[in-house]
Structures are given as structure tokens and as C-alpha cells.
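Asks: Pasting query.pdb here (PDB, C-alpha atoms):
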```pdb
ATOM      1  CA  MET A  27       7.720  24.121   8.964
ATOM      2  CA  ASN A  28       4.249  25.053  10.101
ATOM      3  CA  VAL A  29       2.561  23.916   6.902
ATOM      4  CA  ILE A  30      -1.082  23.796   7.937
ATOM      5  CA  LEU A  31      -2.300  27.035   9.466
ATOM      6  CA  ALA A  32      -5.846  27.858  10.453
ATOM      7  CA  GLY A  33      -7.989  27.563   7.354
ATOM      8  CA  PRO A  34      -6.670  26.003   4.172
ATOM      9  CA  SER A  35      -5.330  28.425   1.616
ATOM     10  CA  LEU A  36      -6.012  28.148  -2.099
ATOM     11  CA  LEU A  37      -2.588  26.636  -2.721
ATOM     12  CA  GLU A  38      -3.227  23.938  -0.134
ATOM     13  CA  LYS A  39      -6.550  23.063  -1.736
ATOM     14  CA  ILE A  40      -4.985  22.817  -5.185
ATOM     15  CA  ALA A  41      -2.150  20.656  -3.845
ATOM     16  CA  PHE A  42      -4.561  18.358  -2.016
ATOM     17  CA  VAL A  43      -6.848  17.921  -5.027
ATOM     18  CA  VAL A  44      -3.942  17.214  -7.383
ATOM     19  CA  LEU A  45      -2.388  14.694  -4.990
ATOM     20  CA  ALA A  46      -5.698  12.989  -4.189
ATOM     21  CA  VAL A  47      -6.577  12.654  -7.877
ATOM     22  CA  GLY A  48      -3.083  11.270  -8.471
ATOM     23  CA  VAL A  49      -3.468   8.685  -5.716
ATOM     24  CA  LEU A  50      -6.944   7.485  -6.686
ATOM     25  CA  GLY A  51      -6.377   7.623 -10.450
ATOM     26  CA  GLY A  52      -3.073   5.784 -10.120
ATOM     27  CA  ALA A  53      -4.722   3.120  -7.978
ATOM     28  CA  LEU A  54      -7.553   2.658 -10.493
ATOM     29  CA  VAL A  55      -5.078   2.365 -13.366
ATOM     30  CA  THR A  56      -3.083  -0.145 -11.303
ATOM     31  CA  ILE A  57      -5.925  -2.579 -10.758
ATOM     32  CA  THR A  58      -7.415  -2.300 -14.252
ATOM     33  CA  ARG A  59      -4.386  -2.630 -16.555
ATOM     34  CA  LYS A  60      -3.699  -5.841 -18.378
ATOM     35  CA  SER A  61       0.082  -5.457 -18.554
ATOM     36  CA  ALA A  62       1.892  -5.914 -15.259
ATOM     37  CA  VAL A  63       4.644  -3.406 -16.092
ATOM     38  CA  THR A  64       2.116  -0.629 -16.742
ATOM     39  CA  ALA A  65       0.435  -1.438 -13.439
ATOM     40  CA  ILE A  66       3.763  -1.263 -11.582
ATOM     41  CA  ILE A  67       4.671   2.108 -13.098
ATOM     42  CA  SER A  68       1.297   3.561 -12.150
ATOM     43  CA  LEU A  69       1.735   2.067  -8.677
ATOM     44  CA  VAL A  70       4.995   4.034  -8.390
ATOM     45  CA  GLY A  71       3.047   7.186  -9.307
ATOM     46  CA  THR A  72       0.409   6.334  -6.704
ATOM     47  CA  PHE A  73       3.025   5.972  -3.974
ATOM     48  CA  CYS A  74       4.773   9.208  -4.962
ATOM     49  CA  ALA A  75       1.467  11.098  -4.764
ATOM     50  CA  MET A  76       0.801   9.442  -1.423
ATOM     51  CA  ALA A  77       4.172  10.700  -0.195
ATOM     52  CA  GLY A  78       3.010  14.187  -1.182
ATOM     53  CA  LEU A  79      -0.129  13.705   0.912
ATOM     54  CA  TYR A  80       2.055  12.644   3.843
ATOM     55  CA  ALA A  81       4.085  15.827   3.426
ATOM     56  CA  THR A  82       0.931  17.968   3.539
ATOM     57  CA  LEU A  83       0.120  16.237   6.845
ATOM     58  CA  SER A  84       3.528  17.442   8.176
ATOM     59  CA  ALA A  85       4.858  13.879   8.194
ATOM     60  CA  HIS A  86       8.128  14.693   6.460
ATOM     61  CA  PHE A  87      10.049  11.661   7.700
ATOM     62  CA  LEU A  88       7.337   9.257   6.572
ATOM     63  CA  ALA A  89       7.072  11.012   3.195
ATOM     64  CA  VAL A  90      10.766  10.442   2.496
ATOM     65  CA  LEU A  91      10.528   6.859   3.743
ATOM     66  CA  GLN A  92       7.536   6.254   1.483
ATOM     67  CA  ILE A  93       9.576   7.258  -1.572
ATOM     68  CA  LEU A  94      12.605   5.246  -0.464
ATOM     69  CA  VAL A  95      10.868   2.056   0.644
ATOM     70  CA  TYR A  96       7.793   1.801  -1.583
ATOM     71  CA  ALA A  97       8.793   3.558  -4.788
ATOM     72  CA  GLY A  98      12.365   2.295  -4.425
ATOM     73  CA  ALA A  99      12.744  -1.082  -2.803
ATOM     74  CA  ILE A 100       9.344  -2.736  -3.082
ATOM     75  CA  MET A 101       8.863  -1.681  -6.690
ATOM     76  CA  VAL A 102      12.258  -3.125  -7.637
ATOM     77  CA  LEU A 103      11.110  -6.405  -6.079
ATOM     78  CA  PHE A 104       7.911  -6.299  -8.112
ATOM     79  CA  ILE A 105       9.774  -5.540 -11.338
ATOM     80  CA  PHE A 106      12.134  -8.456 -10.742
ATOM     81  CA  ALA A 107       9.182 -10.762 -10.095
ATOM     82  CA  VAL A 108       7.529  -9.619 -13.330
ATOM     83  CA  MET A 109      10.808 -10.164 -15.175
ATOM     84  CA  ILE A 110      10.928 -13.779 -13.964
ATOM     85  CA  VAL A 111       7.243 -14.542 -14.369
ATOM     86  CA  ASN A 112       6.682 -12.405 -17.474
ATOM     87  CA  ARG A 113       3.284 -13.294 -18.734
ATOM     88  CA  ASP A 114       0.421 -10.937 -19.367
ATOM     89  CA  ASP A 115      -2.969 -11.577 -17.949
ATOM     90  CA  GLU A 116      -5.140 -13.292 -20.494
ATOM     91  CA  HIS A 117      -8.287 -13.169 -18.408
ATOM     92  CA  PRO A 118      -7.777 -10.255 -16.032
ATOM     93  CA  ILE A 119     -11.048 -10.518 -14.144
ATOM     94  CA  ALA A 120     -11.492 -13.483 -11.867
ATOM     95  CA  LEU A 121     -15.251 -13.640 -11.571
ATOM     96  CA  ARG A 122     -17.065 -14.777 -14.659
ATOM     97  CA  GLY A 123     -20.326 -13.214 -15.715
ATOM     98  CA  LEU A 124     -21.237  -9.585 -15.914
ATOM     99  CA  PHE A 125     -23.831  -9.868 -13.169
ATOM    100  CA  VAL A 126     -21.419 -11.198 -10.544
ATOM    101  CA  ARG A 127     -18.824  -8.586 -11.472
ATOM    102  CA  ALA A 128     -21.309  -5.709 -11.336
ATOM    103  CA  ALA A 129     -22.677  -6.996  -8.037
ATOM    104  CA  GLY A 130     -19.166  -6.995  -6.555
ATOM    105  CA  VAL A 131     -18.430  -3.465  -7.716
ATOM    106  CA  LEU A 132     -21.833  -2.240  -6.506
ATOM    107  CA  ALA A 133     -21.379  -3.868  -3.103
ATOM    108  CA  THR A 134     -17.938  -2.286  -2.708
ATOM    109  CA  GLY A 135     -19.327   1.093  -3.748
ATOM    110  CA  TYR A 136     -22.229   0.805  -1.314
ATOM    111  CA  LEU A 137     -19.877  -0.092   1.541
ATOM    112  CA  PHE A 138     -17.716   2.905   0.682
ATOM    113  CA  TYR A 139     -20.812   5.124   0.646
ATOM    114  CA  ARG A 140     -21.934   3.987   4.090
ATOM    115  CA  VAL A 141     -18.543   4.405   5.762
ATOM    116  CA  ALA A 142     -17.893   7.711   3.987
ATOM    117  CA  TRP A 143     -21.265   8.963   5.215
ATOM    118  CA  ILE A 144     -20.224   8.226   8.795
ATOM    119  CA  VAL A 145     -16.922  10.071   8.273
ATOM    120  CA  VAL A 146     -18.669  13.123   6.806
ATOM    121  CA  ARG A 147     -21.203  13.122   9.636
ATOM    122  CA  GLU A 148     -18.458  13.062  12.279
ATOM    123  CA  ARG A 149     -16.256  15.657  10.608
ATOM    124  CA  GLN A 150     -16.582  18.162  13.442
ATOM    125  CA  THR A 151     -14.821  15.971  15.988
ATOM    126  CA  ASP A 152     -11.448  17.031  17.335
ATOM    127  CA  VAL A 153      -9.582  14.107  15.817
ATOM    128  CA  LEU A 154     -10.437  15.121  12.272
ATOM    129  CA  ALA A 155      -9.568  18.801  12.725
ATOM    130  CA  THR A 156      -6.150  19.026  11.117
ATOM    131  CA  THR A 157      -6.340  22.791  10.868
ATOM    132  CA  ILE A 158      -4.938  23.236  14.376
ATOM    133  CA  THR A 159      -1.417  24.530  14.665
ATOM    134  CA  LEU A 160       1.389  22.090  15.204
ATOM    135  CA  PRO A 161       1.844  20.993  18.833
ATOM    136  CA  ILE A 162       5.639  21.070  18.644
ATOM    137  CA  PRO A 163       7.725  22.899  16.075
ATOM    138  CA  ASP A 164       9.614  19.831  14.833
ATOM    139  CA  TYR A 165       6.498  17.663  14.455
ATOM    140  CA  GLY A 166       7.134  14.756  12.090
ATOM    141  CA  ASN A 167      10.827  15.413  11.632
ATOM    142  CA  VAL A 168      13.468  12.706  11.550
ATOM    143  CA  ALA A 169      14.792  13.863  14.921
ATOM    144  CA  SER A 170      11.530  13.817  16.870
ATOM    145  CA  VAL A 171      10.096  10.646  15.314
ATOM    146  CA  GLY A 172      13.458   8.911  15.705
ATOM    147  CA  ARG A 173      13.654   9.946  19.347
ATOM    148  CA  LEU A 174      10.229   8.396  19.927
ATOM    149  CA  LEU A 175      11.260   5.308  17.962
ATOM    150  CA  PHE A 176      14.347   4.715  20.077
ATOM    151  CA  SER A 177      12.790   5.447  23.454
ATOM    152  CA  ASP A 178       9.182   4.282  23.787
ATOM    153  CA  PHE A 179       9.133   1.944  20.805
ATOM    154  CA  LEU A 180      12.578   0.396  21.125
ATOM    155  CA  PHE A 181      11.338  -3.161  21.605
ATOM    156  CA  PRO A 182       8.915  -3.095  18.613
ATOM    157  CA  PHE A 183      11.712  -1.582  16.529
ATOM    158  CA  GLU A 184      14.049  -4.446  17.326
ATOM    159  CA  ALA A 185      11.236  -6.947  16.796
ATOM    160  CA  VAL A 186      10.614  -5.459  13.342
ATOM    161  CA  SER A 187      14.288  -5.868  12.487
ATOM    162  CA  LEU A 188      13.972  -9.542  13.420
ATOM    163  CA  LEU A 189      10.847  -9.780  11.256
ATOM    164  CA  LEU A 190      12.724  -8.329   8.274
ATOM    165  CA  LEU A 191      15.585 -10.802   8.816
ATOM    166  CA  ALA A 192      13.084 -13.667   8.892
ATOM    167  CA  ALA A 193      11.441 -12.338   5.710
ATOM    168  CA  VAL A 194      14.783 -12.197   3.895
ATOM    169  CA  VAL A 195      15.656 -15.760   4.911
ATOM    170  CA  ALA A 196      12.161 -16.984   3.990
ATOM    171  CA  GLY A 197      12.295 -15.225   0.628
ATOM    172  CA  VAL A 198      15.611 -16.835  -0.274
ATOM    173  CA  LEU A 199      14.461 -20.224   0.972
ATOM    174  CA  ILE A 200      11.145 -20.178  -0.895
ATOM    175  CA  ALA A 201      12.355 -18.708  -4.186
ATOM    176  CA  ARG A 202      15.470 -20.868  -4.500
ATOM    177  CA  PRO A 203      14.922 -24.034  -6.517
ATOM    178  CA  THR A 204      15.907 -26.799  -4.135
ATOM    179  CA  ARG A 205      14.709 -30.025  -5.681
ATOM    180  CA  PRO A 206      16.557 -31.142  -8.836
ATOM    181  CA  ARG A 207      13.199 -31.768 -10.534
ATOM    182  CA  ASP A 208      12.405 -28.062 -10.341
ATOM    183  CA  THR A 209      15.819 -26.945 -11.579
ATOM    184  CA  ALA A 210      15.622 -29.266 -14.543
ATOM    185  CA  LYS A 211      12.153 -28.030 -15.413
ATOM    186  CA  SER A 212      12.866 -24.338 -15.053
ATOM    187  CA  GLY A 213      15.963 -24.645 -17.232
ATOM    188  CA  GLY A 214      18.140 -22.022 -15.566
ATOM    189  CA  ALA A 215      15.451 -19.355 -15.458
ATOM    190  CA  ALA A 216      16.683 -18.290 -12.031
TER     191      ALA A 216
ATOM    192  CA  MET B  20      -7.267  20.813   4.689
ATOM    193  CA  PRO B  21      -9.818  19.369   7.124
ATOM    194  CA  GLY B  22      -9.030  15.837   8.150
ATOM    195  CA  HIS B  23     -12.114  14.123   6.834
ATOM    196  CA  TYR B  24     -10.993  14.715   3.247
ATOM    197  CA  TYR B  25      -7.878  12.699   3.948
ATOM    198  CA  ILE B  26      -9.964   9.953   5.542
ATOM    199  CA  LEU B  27     -12.241   9.872   2.489
ATOM    200  CA  VAL B  28      -9.217   9.504   0.186
ATOM    201  CA  SER B  29      -7.906   6.743   2.441
ATOM    202  CA  LEU B  30     -11.278   4.946   2.370
ATOM    203  CA  ALA B  31     -11.540   5.168  -1.406
ATOM    204  CA  LEU B  32      -7.984   3.858  -1.775
ATOM    205  CA  PHE B  33      -8.738   0.983   0.582
ATOM    206  CA  PHE B  34     -11.841  -0.033  -1.335
ATOM    207  CA  ILE B  35     -10.019   0.231  -4.677
ATOM    208  CA  GLY B  36      -7.435  -2.132  -3.211
ATOM    209  CA  THR B  37     -10.191  -4.464  -1.989
ATOM    210  CA  ALA B  38     -11.835  -4.526  -5.406
ATOM    211  CA  GLY B  39      -8.476  -5.226  -7.041
ATOM    212  CA  ALA B  40      -7.700  -8.070  -4.651
ATOM    213  CA  LEU B  41     -11.114  -9.620  -5.200
ATOM    214  CA  LEU B  42     -11.536  -9.121  -8.946
ATOM    215  CA  ARG B  43      -8.081  -9.862 -10.347
ATOM    216  CA  ARG B  44      -6.858 -13.401 -10.759
ATOM    217  CA  ASN B  45      -3.157 -12.749 -11.389
ATOM    218  CA  ALA B  46      -1.308 -13.134  -8.090
ATOM    219  CA  LEU B  47       0.995 -10.183  -8.847
ATOM    220  CA  PHE B  48      -1.971  -7.828  -9.113
ATOM    221  CA  VAL B  49      -3.413  -9.177  -5.881
ATOM    222  CA  LEU B  50      -0.114  -8.378  -4.122
ATOM    223  CA  MET B  51      -0.170  -4.852  -5.584
ATOM    224  CA  SER B  52      -3.729  -4.400  -4.300
ATOM    225  CA  LEU B  53      -2.571  -5.469  -0.855
ATOM    226  CA  GLU B  54       0.126  -2.782  -0.992
ATOM    227  CA  LEU B  55      -2.561  -0.224  -1.855
ATOM    228  CA  GLN B  56      -4.605  -1.315   1.159
ATOM    229  CA  LEU B  57      -1.611  -1.014   3.489
ATOM    230  CA  GLY B  58      -0.885   2.454   2.109
ATOM    231  CA  ALA B  59      -4.483   3.495   2.777
ATOM    232  CA  GLY B  60      -4.087   2.367   6.370
ATOM    233  CA  SER B  61      -0.902   4.401   6.748
ATOM    234  CA  LEU B  62      -2.625   7.482   5.358
ATOM    235  CA  ALA B  63      -5.432   7.166   7.921
ATOM    236  CA  LEU B  64      -2.891   6.679  10.716
ATOM    237  CA  LEU B  65      -1.003   9.832   9.749
ATOM    238  CA  THR B  66      -4.233  11.831   9.450
ATOM    239  CA  PHE B  67      -5.368  10.877  12.937
ATOM    240  CA  ALA B  68      -1.865  11.485  14.291
ATOM    241  CA  ARG B  69      -2.012  14.987  12.836
ATOM    242  CA  GLY B  70      -5.471  15.560  14.329
ATOM    243  CA  LEU B  71      -4.399  14.387  17.762
ATOM    244  CA  GLY B  72      -1.081  16.237  17.624
ATOM    245  CA  ASP B  73       0.690  13.013  18.522
ATOM    246  CA  GLN B  74       3.611  11.349  16.795
ATOM    247  CA  LYS B  75       2.882   7.757  17.805
ATOM    248  CA  GLY B  76       0.899   7.300  14.604
ATOM    249  CA  HIS B  77       4.050   8.048  12.630
ATOM    250  CA  VAL B  78       5.851   5.237  14.439
ATOM    251  CA  VAL B  79       3.023   2.811  13.708
ATOM    252  CA  ALA B  80       3.013   3.860  10.046
ATOM    253  CA  PHE B  81       6.752   3.161  10.021
ATOM    254  CA  PHE B  82       6.090  -0.359  11.290
ATOM    255  CA  VAL B  83       3.377  -0.819   8.667
ATOM    256  CA  MET B  84       5.948   0.097   6.021
ATOM    257  CA  ALA B  85       8.391  -2.512   7.331
ATOM    258  CA  LEU B  86       5.567  -5.051   7.389
ATOM    259  CA  ALA B  87       4.692  -4.235   3.772
ATOM    260  CA  ALA B  88       8.300  -4.782   2.743
ATOM    261  CA  ALA B  89       8.408  -8.177   4.462
ATOM    262  CA  GLU B  90       5.060  -9.142   2.962
ATOM    263  CA  ALA B  91       6.170  -8.164  -0.541
ATOM    264  CA  ALA B  92       9.411 -10.138  -0.214
ATOM    265  CA  VAL B  93       7.752 -13.339   0.974
ATOM    266  CA  GLY B  94       4.718 -12.975  -1.318
ATOM    267  CA  LEU B  95       6.794 -12.440  -4.443
ATOM    268  CA  ALA B  96       9.038 -15.356  -3.487
ATOM    269  CA  ILE B  97       5.937 -17.544  -3.248
ATOM    270  CA  VAL B  98       4.739 -16.263  -6.642
ATOM    271  CA  VAL B  99       8.091 -17.077  -8.274
ATOM    272  CA  SER B 100       8.169 -20.496  -6.622
ATOM    273  CA  VAL B 101       4.615 -21.340  -7.734
ATOM    274  CA  TYR B 102       5.416 -20.153 -11.262
ATOM    275  CA  ARG B 103       8.464 -22.438 -11.392
ATOM    276  CA  SER B 104       6.505 -25.532 -10.535
ATOM    277  CA  ARG B 105       3.127 -24.796 -12.183
ATOM    278  CA  ARG B 106       3.914 -22.357 -15.014
ATOM    279  CA  LYS B 107       0.829 -20.438 -13.886
ATOM    280  CA  ILE B 108       0.173 -17.780 -11.269
ATOM    281  CA  ASP B 109      -3.589 -17.550 -11.673
ATOM    282  CA  LEU B 110      -5.164 -17.861  -8.268
ATOM    283  CA  ASP B 111      -8.140 -19.905  -9.428
ATOM    284  CA  VAL B 112      -5.860 -22.487 -11.083
ATOM    285  CA  ILE B 113      -3.819 -23.175  -7.963
ATOM    286  CA  ASN B 114      -6.231 -25.503  -6.156
ATOM    287  CA  GLU B 115      -4.058 -28.351  -4.945
ATOM    288  CA  LEU B 116      -5.474 -28.078  -1.430
ATOM    289  CA  ARG B 117      -8.960 -28.905  -2.682
ATOM    290  CA  ASN B 118     -10.107 -32.521  -2.052
TER     291      ASN B 118
END
```
Mind turning the file's structure into C-alpha cells?

Replies:
Amino acid sequence: MNVILAGPSLLEKIAFVVLAVGVLGGALVTITRKSAVTAIISLVGTFCAMAGLYATLSAHFLAVLQILVYAGAIMVLFIFAVMIVNRDDEHPIALRGLFVRAAGVLATGYLFYRVAWIVVRERQTDVLATTITLPIPDYGNVASVGRLLFSDFLFPFEAVSLLLLAAVVAGVLIARPTRPRDTAKSGGAA
Amino acid sequence: MPGHYYILVSLALFFIGTAGALLRRNALFVLMSLELQLGAGSLALLTFARGLGDQKGHVVAFFVMALAAAEAAVGLAIVVSVYRSRRKIDLDVINELRN
């Protein structure tokens, strides 16, 4: 249970590098592919690798939830949306002109460089030291996180259930063809 | 591993998601980029929770996950609805609010 001891071992480094490369490479493939189905499959890989990163942070409950919710439920929603919409991107990039595109990428890269420099400079602070031993033995388990969820965070938990109910109703209401003009035009594509 | 590596991965993932949301014109890809950004936020939350030895970050990451599910449901419903009426989901074509 005590995954991260003082000082990362070689196995931990290898696992972190593999998972981080999986996350970032999967994300890059996701935003650059032309076909939506390829992007969705690489997004599933990204979320699975991210669940592995959660597990190395001793967040076992969140790692399992990540697989179940993201790689399971949300990806099924995306695949159904692609099945209904079903058209490949003819012009994948929104901004026209190489200069504007390169300026956007360069600005994003420069912003990342500045913020990453701050993070590297402040790496000795206590918050970023994950090499400490676990405060409690069942840190990140279903039992301890669930106990916190149903004691201190009971009201936000119930509010989130209401939010999900509202999202389900809104999804049905928006996606259902209501006006007869739309049903005649879509021709039973629902 | 030291925590700032996780934060760097989270930052890179967030900016990849930002670039995807800004550069793509297909609405489906923009929604996927938003999911990437939310995942980057969850990763940072869990890293800081691990550094502080506190489990409240796990609870907040749980709420972020529920929020992402709600956002995906409503967003994809809007995409399907717009596709039914316009036959297009390109974000620079949908400009009915202009003028």
C-alpha cells in the first residue's frame, strides 16, 4: 500500500516516464488526427495512462473511477455522437495562414515555458514533495475517501447528483428532435 | 517521484488541450480538448493532495469527474442538435448570433 517511499526507485522512474509519455503522446495524437474515431481511441489511451499516474500518486479510488467514468462512460457518449454526426474534418485547423498558426503554437509554448519555470524553481517546497511517507495507511482507498465524501462533503455530493440529473434531462431535451421540421429534415437519423 | 514532475505533465497536458481547443474547428475535437484540460486539473489536484497528505483533493477530483460527465452529455447533445439543423458542426460556420 505504501507505494512511494523515500527516494524514487528505478521501477518508479520507469513507470512514471512510460505513463507520462503515454499521456502526452496520446493527447498530441488526439488533437492532431483528422479522423474522429482515431482521436477517440487515442483519448481512451490517454485516460488509461492518466489512471496509471493517479495510481502512482496512491489515489487508487480515483484511478478506478477514471477508467470507469472517462474510458467507459464518456467515451461511449463520444462514440455515439461520432456515429450520428459521422463526418471527417475537411479543414482540421481553424486558423488560416501559417503565420497565425505558428504564432498560436509559439505563444502556447512560451506560456508553458514560463509557468514550468516557476514550478521547477519552487520544487523544494513542501507541497511538491511527494516522497514523504503516507500520512495514513489507507490513503486514497475507497473506504477513506468515501468516508470523507459522506461526512464533510455530503452537501456537495448531493448537489452533484442533482447536477447530473439536470444534465441527463437537458441532454435528452436538447438532442431530441422536437419540431416536425427537424424530424422531416433529418429523415429518421435519430 | 518528486511532485514537480507530475505538475509539469499536468501543465503540458493542459496546454495541449488549450491548443486543441483553439486550433481545431470541429466541435467534437474541441469537446475532447476540454476533457483533456479537465483531466490535467484533476492530475494537479491529486499531486497537491499527495504532497499535503490530505484527501480533500481526491474529493474535489471526484467532483471534477462528475462535472466532466455532465459537460460531455450536454455538449454532445448540443453538437447532435446543431448537426441536425445545420448539417455542419464547424465552429466558424455556426455564426447565427452575429449581426

Asks: Expanded to explicit residues, what is the ChimeraX specification (/A :<6) & /B for this file, as a ChimeraX atom specification?

Replies: /B:20-23,39,42-44,70-72,89,92-93,96,100

Asks: Taking into account all atoms listed in the file, which residue in the set A:Leu94, A:Ala75, A:Thr64, A:Asn112 is nearest to Val98 in chain B?

Replies: A:Asn112

Asks: Separation of CA of Gly71 in chain A and CA of Gly98 in chain A, in Å?

Replies: 11.6 Å

Asks: Which residues, named as in the file, does the PyMOL selection byres ((chain B and resi 60-62) around 9) pick out? Answer as an NGL selection string.

Replies: (:A and (76 or 79-80)) or (:B and (25-26 or 28-30 or 33 or 55-59 or 63-67 or 76-77 or 79-81 or 83-84))

Asks: Keeping only C-alpha atoms, write the selected residues to a file as a short mmCIF file (atom, residue, chain, number, x, y, z; two decimals), in the frame of the given file.

Replies:
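The resulting file, out.cif, is reproduced below:
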```cif
data_model
loop_
_atom_site.label_atom_id
_atom_site.label_comp_id
_atom_site.auth_asym_id
_atom_site.auth_seq_id
_atom_site.Cartn_x
_atom_site.Cartn_y
_atom_site.Cartn_z
CA MET A 76 0.80 9.44 -1.42
CA LEU A 79 -0.13 13.70 0.91
CA TYR A 80 2.06 12.64 3.84
CA TYR B 25 -7.88 12.70 3.95
CA ILE B 26 -9.96 9.95 5.54
CA VAL B 28 -9.22 9.50 0.19
CA SER B 29 -7.91 6.74 2.44
CA LEU B 30 -11.28 4.95 2.37
CA PHE B 33 -8.74 0.98 0.58
CA LEU B 55 -2.56 -0.22 -1.86
CA GLN B 56 -4.61 -1.32 1.16
CA LEU B 57 -1.61 -1.01 3.49
CA GLY B 58 -0.88 2.45 2.11
CA ALA B 59 -4.48 3.50 2.78
CA ALA B 63 -5.43 7.17 7.92
CA LEU B 64 -2.89 6.68 10.72
CA LEU B 65 -1.00 9.83 9.75
CA THR B 66 -4.23 11.83 9.45
CA PHE B 67 -5.37 10.88 12.94
CA GLY B 76 0.90 7.30 14.60
CA HIS B 77 4.05 8.05 12.63
CA VAL B 79 3.02 2.81 13.71
CA ALA B 80 3.01 3.86 10.05
CA PHE B 81 6.75 3.16 10.02
CA VAL B 83 3.38 -0.82 8.67
CA MET B 84 5.95 0.10 6.02
#
```

Asks: Between CA of Leu47 in chain B and CA of Leu95 in chain B, what is the spacing in Å?

Replies: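 For CA of Leu95 in chain B relative to CA of Leu47 in chain B, the distance reads 7.6 Å.
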
Asks: Between CA of Ala97 in chain A and CA of Phe82 in chain B, what is the distance, to one decimal in Å?

Replies: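 Between these atoms lies a distance of 16.8 Å.
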
Asks: On this structure, the PyMOL selection byres ((chain B and resi 110) around 7) would catch which residues? List them as a list in words, sorted by chain and number.

Replies: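 For this structure, the PyMOL selection byres ((chain B and resi 110) around 7) resolves to Arg44, Asn45, Ala46, Ile108, Asp109, Asp111, Val112 and Ile113 of chain B.
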
Asks: Using all atoms listed in the file, which of the listed residues (A:Ile40, A:Leu188, A:Leu132, A:Val70) sits closest to Glu54 in chain B?

Replies: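 Between A:Ile40, A:Leu188, A:Leu132, A:Val70, the residue approaching Glu54 in chain B most closely is A:Val70.
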